[in-house]
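The file my_file30.cif contains mmCIF, C-alpha atoms; chains and numbers go by the auth columns:
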data_my_file
loop_
_atom_site.group_PDB
_atom_site.id
_atom_site.type_symbol
_atom_site.label_atom_id
_atom_site.label_comp_id
_atom_site.label_asym_id
_atom_site.label_seq_id
_atom_site.Cartn_x
_atom_site.Cartn_y
_atom_site.Cartn_z
_atom_site.B_iso_or_equiv
_atom_site.auth_seq_id
_atom_site.auth_asym_id
ATOM 1 C CA MET A 1 117.346 89.505 137.394 0.00 1 R
ATOM 2 C CA SER A 2 118.046 88.857 141.057 0.00 2 R
ATOM 3 C CA ILE A 3 116.650 87.545 144.332 0.00 3 R
ATOM 4 C CA LEU A 4 116.478 89.605 147.516 0.00 4 R
ATOM 5 C CA GLY A 5 116.833 88.077 150.959 0.00 5 R
ATOM 6 C CA ILE A 6 115.107 89.965 153.769 0.00 6 R
ATOM 7 C CA ASP A 7 115.814 89.947 157.498 0.00 7 R
ATOM 8 C CA TYR A 8 112.738 91.792 158.806 0.00 8 R
ATOM 9 C CA GLY A 9 112.795 93.944 161.899 0.00 9 R
ATOM 10 C CA ALA A 10 110.378 96.647 163.061 0.00 10 R
ATOM 11 C CA LYS A 11 113.112 99.318 162.858 0.00 11 R
ATOM 12 C CA LYS A 12 115.691 97.779 160.516 0.00 12 R
ATOM 13 C CA ILE A 13 115.267 95.506 157.511 0.00 13 R
ATOM 14 C CA GLY A 14 118.418 93.771 156.327 0.00 14 R
ATOM 15 C CA VAL A 15 118.564 93.131 152.587 0.00 15 R
ATOM 16 C CA ALA A 16 120.875 90.855 150.603 0.00 16 R
ATOM 17 C CA LYS A 17 121.028 90.135 146.892 0.00 17 R
ATOM 18 C CA ALA A 18 121.901 87.131 144.737 0.00 18 R
ATOM 19 C CA ASP A 19 121.822 86.139 141.098 0.00 19 R
ATOM 20 C CA PRO A 20 119.453 83.151 140.839 0.00 20 R
ATOM 21 C CA THR A 21 121.663 81.471 138.222 0.00 21 R
ATOM 22 C CA GLY A 22 124.650 81.186 140.527 0.00 22 R
ATOM 23 C CA GLY A 23 127.053 83.046 142.729 0.00 23 R
ATOM 24 C CA PRO A 24 126.865 83.777 146.428 0.00 24 R
ATOM 25 C CA ALA A 25 124.428 86.025 148.245 0.00 25 R
ATOM 26 C CA VAL A 26 125.936 89.379 149.213 0.00 26 R
ATOM 27 C CA PRO A 27 124.762 92.039 151.660 0.00 27 R
ATOM 28 C CA LEU A 28 122.984 94.896 149.872 0.00 28 R
ATOM 29 C CA THR A 29 121.692 97.378 152.438 0.00 29 R
ATOM 30 C CA THR A 30 119.914 97.911 155.737 0.00 30 R
ATOM 31 C CA LEU A 31 116.663 99.849 155.482 0.00 31 R
ATOM 32 C CA LEU A 32 115.822 102.073 158.439 0.00 32 R
ATOM 33 C CA VAL A 33 112.053 102.207 158.862 0.00 33 R
ATOM 34 C CA THR A 34 109.421 103.509 161.255 0.00 34 R
ATOM 35 C CA THR A 35 106.467 101.481 159.910 0.00 35 R
ATOM 36 C CA PRO A 36 106.037 98.232 157.957 0.00 36 R
ATOM 37 C CA SER A 37 104.472 100.173 155.066 0.00 37 R
ATOM 38 C CA GLU A 38 107.582 102.361 154.862 0.00 38 R
ATOM 39 C CA GLY A 39 109.696 99.207 154.630 0.00 39 R
ATOM 40 C CA ILE A 40 107.459 97.799 151.908 0.00 40 R
ATOM 41 C CA GLU A 41 107.744 101.005 149.888 0.00 41 R
ATOM 42 C CA GLN A 42 111.540 100.966 150.162 0.00 42 R
ATOM 43 C CA LEU A 43 111.548 97.292 149.116 0.00 43 R
ATOM 44 C CA ARG A 44 109.332 98.103 146.127 0.00 44 R
ATOM 45 C CA GLN A 45 111.916 100.680 145.043 0.00 45 R
ATOM 46 C CA LEU A 46 114.704 98.086 145.380 0.00 46 R
ATOM 47 C CA ILE A 47 112.662 95.544 143.403 0.00 47 R
ATOM 48 C CA THR A 48 112.487 98.010 140.531 0.00 48 R
ATOM 49 C CA SER A 49 116.060 99.311 140.688 0.00 49 R
ATOM 50 C CA GLU A 50 117.667 95.863 141.174 0.00 50 R
ATOM 51 C CA GLY A 51 115.475 93.921 138.730 0.00 51 R
ATOM 52 C CA VAL A 52 114.252 91.543 141.432 0.00 52 R
ATOM 53 C CA GLU A 53 112.247 88.446 140.479 0.00 53 R
ATOM 54 C CA ARG A 54 111.755 86.863 143.923 0.00 54 R
ATOM 55 C CA LEU A 55 111.846 87.782 147.637 0.00 55 R
ATOM 56 C CA VAL A 56 112.972 85.437 150.404 0.00 56 R
ATOM 57 C CA VAL A 57 111.967 86.508 153.921 0.00 57 R
ATOM 58 C CA GLY A 58 113.534 84.961 157.005 0.00 58 R
ATOM 59 C CA VAL A 59 111.112 83.710 159.649 0.00 59 R
ATOM 60 C CA PRO A 60 112.011 83.054 163.305 0.00 60 R
ATOM 61 C CA VAL A 61 111.003 79.413 163.709 0.00 61 R
ATOM 62 C CA SER A 62 111.605 77.599 166.989 0.00 62 R
ATOM 63 C CA LEU A 63 114.761 75.560 167.461 0.00 63 R
ATOM 64 C CA SER A 64 113.105 72.276 168.356 0.00 64 R
ATOM 65 C CA PRO A 65 112.993 69.868 165.397 0.00 65 R
ATOM 66 C CA SER A 66 109.616 68.548 164.336 0.00 66 R
ATOM 67 C CA GLY A 67 109.690 67.096 160.840 0.00 67 R
ATOM 68 C CA ALA A 68 109.899 68.865 157.504 0.00 68 R
ATOM 69 C CA GLU A 69 107.368 71.640 158.181 0.00 69 R
ATOM 70 C CA LEU A 70 108.875 75.108 158.377 0.00 70 R
ATOM 71 C CA LEU A 71 106.141 76.630 160.543 0.00 71 R
ATOM 72 C CA ARG A 72 104.660 74.709 163.449 0.00 72 R
ATOM 73 C CA ASP A 73 101.659 75.560 165.620 0.00 73 R
ATOM 74 C CA LYS A 74 103.838 76.855 168.444 0.00 74 R
ATOM 75 C CA ASP A 75 105.684 79.173 166.028 0.00 75 R
ATOM 76 C CA HIS A 76 102.425 81.008 165.309 0.00 76 R
ATOM 77 C CA LEU A 77 102.187 81.872 169.022 0.00 77 R
ATOM 78 C CA ASN A 78 105.548 83.669 168.918 0.00 78 R
ATOM 79 C CA LYS A 79 105.038 87.465 168.875 0.00 79 R
ATOM 80 C CA GLN A 80 108.020 88.067 166.612 0.00 80 R
ATOM 81 C CA MET A 81 106.760 85.402 164.199 0.00 81 R
ATOM 82 C CA GLN A 82 103.329 87.049 164.115 0.00 82 R
ATOM 83 C CA GLU A 83 104.933 90.401 163.240 0.00 83 R
ATOM 84 C CA VAL A 84 107.026 88.862 160.460 0.00 84 R
ATOM 85 C CA LEU A 85 104.087 86.926 159.006 0.00 85 R
ATOM 86 C CA GLN A 86 101.909 90.051 159.071 0.00 86 R
ATOM 87 C CA PHE A 87 104.663 91.929 157.229 0.00 87 R
ATOM 88 C CA VAL A 88 104.945 89.077 154.696 0.00 88 R
ATOM 89 C CA GLU A 89 101.189 89.181 154.016 0.00 89 R
ATOM 90 C CA GLN A 90 101.328 92.946 153.453 0.00 90 R
ATOM 91 C CA LEU A 91 104.353 92.478 151.218 0.00 91 R
ATOM 92 C CA LYS A 92 102.630 89.790 149.135 0.00 92 R
ATOM 93 C CA THR A 93 99.733 92.129 148.367 0.00 93 R
ATOM 94 C CA ALA A 94 102.081 95.022 147.538 0.00 94 R
ATOM 95 C CA VAL A 95 104.401 93.291 145.057 0.00 95 R
ATOM 96 C CA ASP A 96 103.849 91.265 141.905 0.00 96 R
ATOM 97 C CA ILE A 97 106.677 88.771 142.435 0.00 97 R
ATOM 98 C CA PRO A 98 106.839 85.571 144.504 0.00 98 R
ATOM 99 C CA VAL A 99 107.557 85.926 148.224 0.00 99 R
ATOM 100 C CA GLU A 100 108.959 82.832 149.943 0.00 100 R
ATOM 101 C CA LEU A 101 109.785 82.052 153.568 0.00 101 R
ATOM 102 C CA GLU A 102 113.129 80.751 154.797 0.00 102 R
ATOM 103 C CA ASP A 103 114.196 79.537 158.229 0.00 103 R
ATOM 104 C CA GLU A 104 116.290 82.295 159.790 0.00 104 R
ATOM 105 C CA ARG A 105 117.347 80.420 162.908 0.00 105 R
ATOM 106 C CA LEU A 106 120.664 81.732 164.125 0.00 106 R
ATOM 107 C CA SER A 107 121.224 83.945 161.050 0.00 107 R
ATOM 108 C CA THR A 108 122.056 87.006 163.160 0.00 108 R
ATOM 109 C CA LYS A 109 124.423 84.960 165.345 0.00 109 R
ATOM 110 C CA LEU A 110 126.114 83.632 162.207 0.00 110 R
ATOM 111 C CA ALA A 111 126.347 87.179 160.877 0.00 111 R
ATOM 112 C CA HIS A 112 128.085 88.296 164.081 0.00 112 R
ATOM 113 C CA GLY A 113 130.539 85.431 163.742 0.00 113 R
ATOM 114 C CA MET A 114 131.483 86.321 160.172 0.00 114 R
ATOM 115 C CA GLN A 115 134.445 88.351 159.192 0.00 115 R
ATOM 116 C CA LYS A 116 134.285 91.585 161.206 0.00 116 R
ATOM 117 C CA GLU A 117 134.992 93.736 158.149 0.00 117 R
ATOM 118 C CA LEU A 118 131.958 92.322 156.289 0.00 118 R
ATOM 119 C CA VAL A 119 129.658 93.158 159.211 0.00 119 R
ATOM 120 C CA LYS A 120 131.362 96.500 159.800 0.00 120 R
ATOM 121 C CA ILE A 121 130.827 97.622 156.195 0.00 121 R
ATOM 122 C CA ASN A 122 127.322 96.211 155.713 0.00 122 R
ATOM 123 C CA GLY A 123 125.815 95.971 159.212 0.00 123 R
ATOM 124 C CA ASP A 124 124.667 92.761 160.867 0.00 124 R
ATOM 125 C CA ASP A 125 121.107 93.040 159.492 0.00 125 R
ATOM 126 C CA ALA A 126 122.248 92.982 155.850 0.00 126 R
ATOM 127 C CA VAL A 127 124.678 90.157 156.626 0.00 127 R
ATOM 128 C CA ALA A 128 121.892 88.209 158.387 0.00 128 R
ATOM 129 C CA ALA A 129 119.780 88.693 155.228 0.00 129 R
ATOM 130 C CA MET A 130 122.735 87.328 153.234 0.00 130 R
ATOM 131 C CA VAL A 131 122.855 84.219 155.459 0.00 131 R
ATOM 132 C CA ILE A 132 119.089 83.698 155.003 0.00 132 R
ATOM 133 C CA LEU A 133 119.327 84.084 151.229 0.00 133 R
ATOM 134 C CA GLN A 134 122.397 81.842 150.926 0.00 134 R
ATOM 135 C CA SER A 135 120.606 79.147 152.957 0.00 135 R
ATOM 136 C CA TYR A 136 117.661 79.378 150.538 0.00 136 R
ATOM 137 C CA LEU A 137 119.948 79.192 147.486 0.00 137 R
ATOM 138 C CA ASP A 138 121.860 76.219 148.896 0.00 138 R
ATOM 139 C CA ARG A 139 118.634 74.352 149.692 0.00 139 R
ATOM 140 C CA LYS A 140 117.286 74.952 146.172 0.00 140 R
ATOM 141 C CA LYS A 141 120.434 73.408 144.625 0.00 141 R
ATOM 142 C CA LEU A 142 119.695 70.015 146.196 0.00 142 R
#
Serialized structure, structure tokens:
Amino acid sequence: MSILGIDYGAKKIGVAKADPTGGPAVPLTTLLVTTPSEGIEQLRQLITSEGVERLVVGVPVSLSPSGAELLRDKDHLNKQMQEVLQFVEQLKTAVDIPVELEDERLSTKLAHGMQKELVKINGDDAVAAMVILQSYLDRKKL
């Protein structure tokens, strides 16, 4: 079984994979999509082929700190956040496994700063998904 990390975008969805019992997250693929439903269908295929038990979707929360809450009122006003949350709701109704949210702040910038070969082979979207998933895994270990 495995966990998929997802860096959602309207045209590209970065996907990373990890074993929930240990080991690092690794970039898996970047899905090229024209609609959210196309992305969901491609993710459903990955869930089956990769034996996925959980999805972790990165959400673009604001940078200002405000306690332990992941999503704040002002985040819901963000257009990108609204798109991601709408995708997450559609995803939750389309799959029979848990879907969790993870703070994706700066994940793409971190992906760009990683070893050039890793980004070159996998694309920055898949590497950003890896950063999101690794953050989730690290937080769960605490």
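In this model, the gap between atom CA of Asp19 of chain R and atom CA of Glu83 of chain R comes to 28.2 Å.
Using only C-alpha atoms, the smallest distance between any of R:Met1, R:Val57, R:Leu32, R:Val52 and Gln134 of chain R comes from R:Val57.
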Output check: residues returned by the PyMOL selection byres ((chain R and resi 126) around 7), as a JSON list (two decimals) with C-alpha atoms, in the frame of the given file:
[["chain", "number", "residue", "atom", "x", "y", "z"],
["R", 14, "GLY", "CA", 118.42, 93.77, 156.33],
["R", 15, "VAL", "CA", 118.56, 93.13, 152.59],
["R", 16, "ALA", "CA", 120.88, 90.86, 150.60],
["R", 27, "PRO", "CA", 124.76, 92.04, 151.66],
["R", 28, "LEU", "CA", 122.98, 94.90, 149.87],
["R", 29, "THR", "CA", 121.69, 97.38, 152.44],
["R", 30, "THR", "CA", 119.91, 97.91, 155.74],
["R", 122, "ASN", "CA", 127.32, 96.21, 155.71],
["R", 123, "GLY", "CA", 125.82, 95.97, 159.21],
["R", 124, "ASP", "CA", 124.67, 92.76, 160.87],
["R", 125, "ASP", "CA", 121.11, 93.04, 159.49],
["R", 127, "VAL", "CA", 124.68, 90.16, 156.63],
["R", 128, "ALA", "CA", 121.89, 88.21, 158.39],
["R", 129, "ALA", "CA", 119.78, 88.69, 155.23],
["R", 130, "MET", "CA", 122.74, 87.33, 153.23]]
Matched chain/residue IDs from the PyMOL selection byres ((chain R and resi 18) around 9), as number ranges by chain: R: 1-5, 16-17, 19-27, 130, 133-134, 137
For the residues selected in the previous step, produce a file with C-alpha atoms as a PDB file, keeping the file's coordinate frame.
ATOM      1  CA  MET R   1     117.346  89.505 137.394  1.00  0.00           C
ATOM      2  CA  SER R   2     118.046  88.857 141.057  1.00  0.00           C
ATOM      3  CA  ILE R   3     116.650  87.545 144.332  1.00  0.00           C
ATOM      4  CA  LEU R   4     116.478  89.605 147.516  1.00  0.00           C
ATOM      5  CA  GLY R   5     116.833  88.077 150.959  1.00  0.00           C
ATOM      6  CA  ALA R  16     120.875  90.855 150.603  1.00  0.00           C
ATOM      7  CA  LYS R  17     121.028  90.135 146.892  1.00  0.00           C
ATOM      8  CA  ASP R  19     121.822  86.139 141.098  1.00  0.00           C
ATOM      9  CA  PRO R  20     119.453  83.151 140.839  1.00  0.00           C
ATOM     10  CA  THR R  21     121.663  81.471 138.222  1.00  0.00           C
ATOM     11  CA  GLY R  22     124.650  81.186 140.527  1.00  0.00           C
ATOM     12  CA  GLY R  23     127.053  83.046 142.729  1.00  0.00           C
ATOM     13  CA  PRO R  24     126.865  83.777 146.428  1.00  0.00           C
ATOM     14  CA  ALA R  25     124.428  86.025 148.245  1.00  0.00           C
ATOM     15  CA  VAL R  26     125.936  89.379 149.213  1.00  0.00           C
ATOM     16  CA  PRO R  27     124.762  92.039 151.660  1.00  0.00           C
ATOM     17  CA  MET R 130     122.735  87.328 153.234  1.00  0.00           C
ATOM     18  CA  LEU R 133     119.327  84.084 151.229  1.00  0.00           C
ATOM     19  CA  GLN R 134     122.397  81.842 150.926  1.00  0.00           C
ATOM     20  CA  LEU R 137     119.948  79.192 147.486  1.00  0.00           C
TER      21      LEU R 137
END
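The coordinates place atom CA of Leu31 of chain R at 19.4 Å from atom CA of Glu53 of chain R.
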Using only C-alpha atoms, the best pick from R:Lys141, R:Glu104, R:Ser49, R:Leu55 as closest to Leu91 of chain R would be R:Leu55
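Remark: for Val95 of chain R, the closest of the candidate residues R:Met81, R:Ile40, R:Val56, R:Val131 is R:Ile40 (distances computed over all atoms listed in the file).
Atom CA of Lys79 of chain R is found 18.3 Å from atom CA of Ile6 of chain R.
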Judged by all atoms listed in the file, the minimum distance to Leu43 of chain R among R:Asp138, R:Lys92, R:Val59, R:Val84 is found for R:Lys92
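Shortest atom-to-atom contact with Pro60 of chain R among R:Phe87, R:Asp103, R:Glu41, R:Asp96: R:Asp103, counting all atoms listed in the file.
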To verify the selection step, state as a VMD selection string which residues the PyMOL selection byres ((chain R and resi 100) around 9) yields on this input. chain R and resid 54 to 58 88 98 to 99 101 to 102
Write a file of the selected residues as a short mmCIF file (atom, residue, chain, number, x, y, z; two decimals), in the coordinates of the input, keeping C-alpha atoms.
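So out-v6.cif came out as:
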data_model
loop_
_atom_site.label_atom_id
_atom_site.label_comp_id
_atom_site.auth_asym_id
_atom_site.auth_seq_id
_atom_site.Cartn_x
_atom_site.Cartn_y
_atom_site.Cartn_z
CA ARG R 54 111.76 86.86 143.92
CA LEU R 55 111.85 87.78 147.64
CA VAL R 56 112.97 85.44 150.40
CA VAL R 57 111.97 86.51 153.92
CA GLY R 58 113.53 84.96 157.00
CA VAL R 88 104.94 89.08 154.70
CA PRO R 98 106.84 85.57 144.50
CA VAL R 99 107.56 85.93 148.22
CA LEU R 101 109.78 82.05 153.57
CA GLU R 102 113.13 80.75 154.80
#
Mind working out the centre and edge lengths of an axis-aligned box for segment 47-55 of chain R, all listed atoms inside, 6 Å added to each side, rounded to one decimal in Å and written as lines of an AutoDock Vina configuration file?
center_x = 114.7
center_y = 93.1
center_z = 143.2
size_x = 17.9
size_y = 24.4
size_z = 20.9
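If you measure from each of R:Ile132, R:Ala10, R:Ala94, R:Val33 to Gln82 of chain R using only C-alpha atoms, the closest one turns out to be R:Ala10.
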